[in-house]
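*Asks:* Here you go, one structure.
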Amino acid sequence: MTTPTLPARPLLPPRPASTPPGTALPTPLGLTLPRPEERWAGDGELRGTAAVVVTYNRKALLARCLDTLLRQSEPLARIYVIDNASTDGTADVVPDHERVTYLRLEHNLGGAYGFAYGVREALKGPYRHVWVMDDDCFAEEDAHAELMKWTGHSEALCGAVVARDGGYDVGHRRNFDPVSLVESWVPAERYALPSTPIDLFTFVGAMIHTDAVRRVGLPVDDFFFMSDDSEYALRLGAHGIGIRLIPASRIWHHGSLSGKPGRHPYNPQKHYYHIRNGLLIRRRYGTSPLWFAVRFWSFAVRGYAGLAKHRNLNWASARLTAEALRDALLDRAYIKEFGKA
């Protein structure tokens, strides 16, 4: 009797469905890891890397970002595009490619929510790594391959961020002192090393093993933007997962300059979230209540002084600063509404 030949199982799951035109996905806060029944079973083996790109109203940059990801010398298994309710026709520039899945969210709850949502979607598949980035990131052709060389050394890796002027934007890769709560840039000379340990990354090309994500949880979804990536890096560290910078893996970042940041116009959202989220991560991951008190008043003084220096100090901005300080002190993270009474 001849034993029938069983069809081979596919190495990767079928292409996840993109959001149908004219529709959007609901955006509930408090995202959790996928339930077992939500995951693609397959043969149970993890393989490949899923990139997660979060975008909002920057379709020209997104198109360039996706082009660089599709040209990686070591191909990505999947590219998830998370659209935070863009209104500029973003869907039109997303290629109809077998490895690209486009998901449009109903509301813009910020980049933090977009990353949490995208990572959750990636965890439904059998992918070994998730590689997260903004829509203005342009990965060099070997960026993914260079990271993969180091996956045996750490579950969390990131490449060097290259600014528009060709220099390194060292502010995207930092160290953190849990006692004094001070962040410091990784010294430029360490970029000459094949690999170096760091404490903090931004979501500009950070790659994490999906097993690590399942242990520590999803990125926070209620920070809106600013410091959500720092929170996740510190959470990885708190779980004993070291992060390594791999300078040979390079991502060009359209929003970066290699020098010190210049003055920007006052933005109420950035002002609030910079203070609140910056203090929240220090409150949650610091080890010295005394130094937290010092940093709290430092944020307060700089917040009000910055408003006065830029001639933006008024009742509304002063009250917003006070709200940010209060929310940090009470460990309150939520999506704040702006422009409403």
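Residue numbers start at 1 in each chain; chains themselves are named A, B, ... in the order of the structure tokens; ligands are numbered from 1 in the order shown.
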Hey, what's within 12 Å of region 150-156 of chain A if we count only C-alpha atoms and toss same-chain stuff fewer than 6 positions away? As number ranges by chain, please?
*Replies:* A: 48-49, 128-132, 143-144, 194-201, 203, 205-216, 232-237, 239-249
*Asks:* Measuring atom to atom with only C-alpha atoms, identify which of A:Lys149, A:Arg15, A:His172, A:His271 is nearest to Asp96 (chain A).
*Replies:*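 Ranked by minimum distance to Asp96 (chain A), first place goes to A:Arg15.
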*Asks:* Choose the residue, out of A:Pro126, A:Pro21, A:Pro14, A:Gly255, that has the smallest atom-to-atom separation from Arg104 (chain A); count only C-alpha atoms.
*Replies:*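 Checking each of A:Pro126, A:Pro21, A:Pro14, A:Gly255 against Arg104 (chain A), counting only C-alpha atoms, the winner is A:Pro21.
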*Asks:* How many Å separate CA of Leu33 (chain A) from CA of Arg332 (chain A)?
*Replies:*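 Value for the CA of Leu33 (chain A)-CA of Arg332 (chain A) distance: 21.7 Å.
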*Asks:* Pick out each residue of region 115-158 of chain A that DSSP on the backbone tags as helix (DSSP H, G or I); I need them as a list of chain:residue names.
*Replies:*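 Filtering region 115-158 of chain A down to helix (DSSP H, G or I) leaves A:Phe115, A:Ala116, A:Tyr117, A:Gly118, A:Val119, A:Arg120, A:Glu121, A:Ala122, A:Leu123, A:Ala143, A:His144, A:Ala145, A:Glu146, A:Leu147, A:Met148.
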*Asks:* Suppose we keep N, CA and C atoms; can you now write the selection as a short mmCIF file (atom, residue, chain, number, x, y, z; two decimals), in the first residue's frame?
*Replies:*
data_model
loop_
_atom_site.label_atom_id
_atom_site.label_comp_id
_atom_site.auth_asym_id
_atom_site.auth_seq_id
_atom_site.Cartn_x
_atom_site.Cartn_y
_atom_site.Cartn_z
N PHE A 115 2.49 51.76 17.05
CA PHE A 115 3.52 50.73 17.24
C PHE A 115 2.97 49.55 18.03
N ALA A 116 2.21 49.83 19.09
CA ALA A 116 1.64 48.73 19.87
C ALA A 116 0.71 47.88 19.00
N TYR A 117 -0.09 48.54 18.18
CA TYR A 117 -1.02 47.82 17.30
C TYR A 117 -0.25 46.98 16.29
N GLY A 118 0.76 47.57 15.68
CA GLY A 118 1.52 46.86 14.67
C GLY A 118 2.29 45.68 15.23
N VAL A 119 2.90 45.85 16.39
CA VAL A 119 3.63 44.75 17.00
C VAL A 119 2.66 43.62 17.36
N ARG A 120 1.48 43.99 17.82
CA ARG A 120 0.48 42.96 18.14
C ARG A 120 0.11 42.17 16.89
N GLU A 121 -0.07 42.86 15.77
CA GLU A 121 -0.40 42.16 14.53
C GLU A 121 0.73 41.21 14.12
N ALA A 122 1.96 41.68 14.28
CA ALA A 122 3.10 40.84 13.91
C ALA A 122 3.17 39.58 14.77
N LEU A 123 2.77 39.69 16.04
CA LEU A 123 2.82 38.54 16.93
C LEU A 123 1.80 37.47 16.55
N ALA A 143 20.89 46.78 5.96
CA ALA A 143 20.57 47.10 7.36
C ALA A 143 19.99 45.89 8.10
N HIS A 144 19.06 45.22 7.48
CA HIS A 144 18.46 44.04 8.12
C HIS A 144 19.47 42.91 8.24
N ALA A 145 20.23 42.67 7.20
CA ALA A 145 21.22 41.59 7.21
C ALA A 145 22.26 41.80 8.30
N GLU A 146 22.69 43.05 8.49
CA GLU A 146 23.71 43.33 9.52
C GLU A 146 23.16 43.07 10.92
N LEU A 147 21.90 43.39 11.14
CA LEU A 147 21.30 43.09 12.45
C LEU A 147 21.21 41.58 12.67
N MET A 148 20.86 40.86 11.63
CA MET A 148 20.67 39.41 11.77
C MET A 148 21.97 38.70 12.16
#
*Asks:* Write out as a list in words the residues lying within 9 Å of Ala77 (chain A), counting only C-alpha atoms and excluding same-chain residues fewer than 3 positions away.
*Replies:*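 Selected residues are Leu12, Arg47, Gly48, Thr49, Ala50, Ala51, Arg99 and Tyr127 of chain A.
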*Asks:* For the atom pair CA of Leu280 (chain A) and CA of Gly306 (chain A), what is the interatomic distance in Å to one decimal place?
*Replies:*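 Between CA of Leu280 (chain A) and CA of Gly306 (chain A) the gap is 20.0 Å.
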*Asks:* Taking 5 positions as the minimum chain separation for residues in the same chain, which residues sit within 7 Å of region 286-293 of chain A when counting only C-alpha atoms? Answer as a JSON list (two decimals) with C-alpha atoms, in the first residue's frame.
*Replies:*
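Once everything was written out, this is out_32.json:
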[["chain", "number", "residue", "atom", "x", "y", "z"],
["A", 178, "PRO", "CA", 18.59, 54.61, 37.09],
["A", 179, "VAL", "CA", 19.83, 56.50, 40.15],
["A", 180, "SER", "CA", 20.36, 60.04, 38.85],
["A", 181, "LEU", "CA", 17.76, 59.48, 36.08]]
*Asks:* Which one of A:Pro13, A:Ala238, A:Ala333, A:Met133 sits closest to Arg39 (chain A) if you count only C-alpha atoms?
*Replies:*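 Of A:Pro13, A:Ala238, A:Ala333, A:Met133, the one nearest Arg39 (chain A) is A:Pro13, counting only C-alpha atoms.
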*Asks:* Can you list every residue of region 162-265 of chain A that has an atom at most 10 Å from region 60-71 of chain A, with its nearest atom pair and the distance in Å to one decimal, using only C-alpha atoms, ordered by chain then number, as JSON lines?
*Replies:*
{"residue": "A:Ile251", "atom": "CA", "partner": "A:Thr68", "partner_atom": "CA", "distance": 9.8}
{"residue": "A:Trp252", "atom": "CA", "partner": "A:Cys65", "partner_atom": "CA", "distance": 9.7}
{"residue": "A:His253", "atom": "CA", "partner": "A:Cys65", "partner_atom": "CA", "distance": 9.8}
{"residue": "A:His254", "atom": "CA", "partner": "A:Leu61", "partner_atom": "CA", "distance": 8.3}
*Asks:* Which residues are near region 82-86 of chain A? Cut-off 9 Å, only C-alpha atoms, ignore same chain within fewer than 2 positions. Put them as a VMD selection string.
*Replies:* chain A and resid 24 52 to 59 80 88 to 91 101 to 111 113 to 115 117 to 118
*Asks:* Between CA of Gly42 (chain A) and CA of Arg78 (chain A), what is the distance in Å, rounded to a tenth?
*Replies:* 15.7 Å
*Asks:* Which of these residues is nearest to Asn267 (chain A), using only C-alpha atoms: A:Val301, A:Ala41, A:Val220, A:Leu307?
*Replies:* A:Leu307
*Asks:* Taking into account only C-alpha atoms, which residue in the set A:Leu76, A:Ala300, A:Val81, A:Leu25 is nearest to Asp135 (chain A)?
*Replies:*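 Closest candidate: A:Val81.
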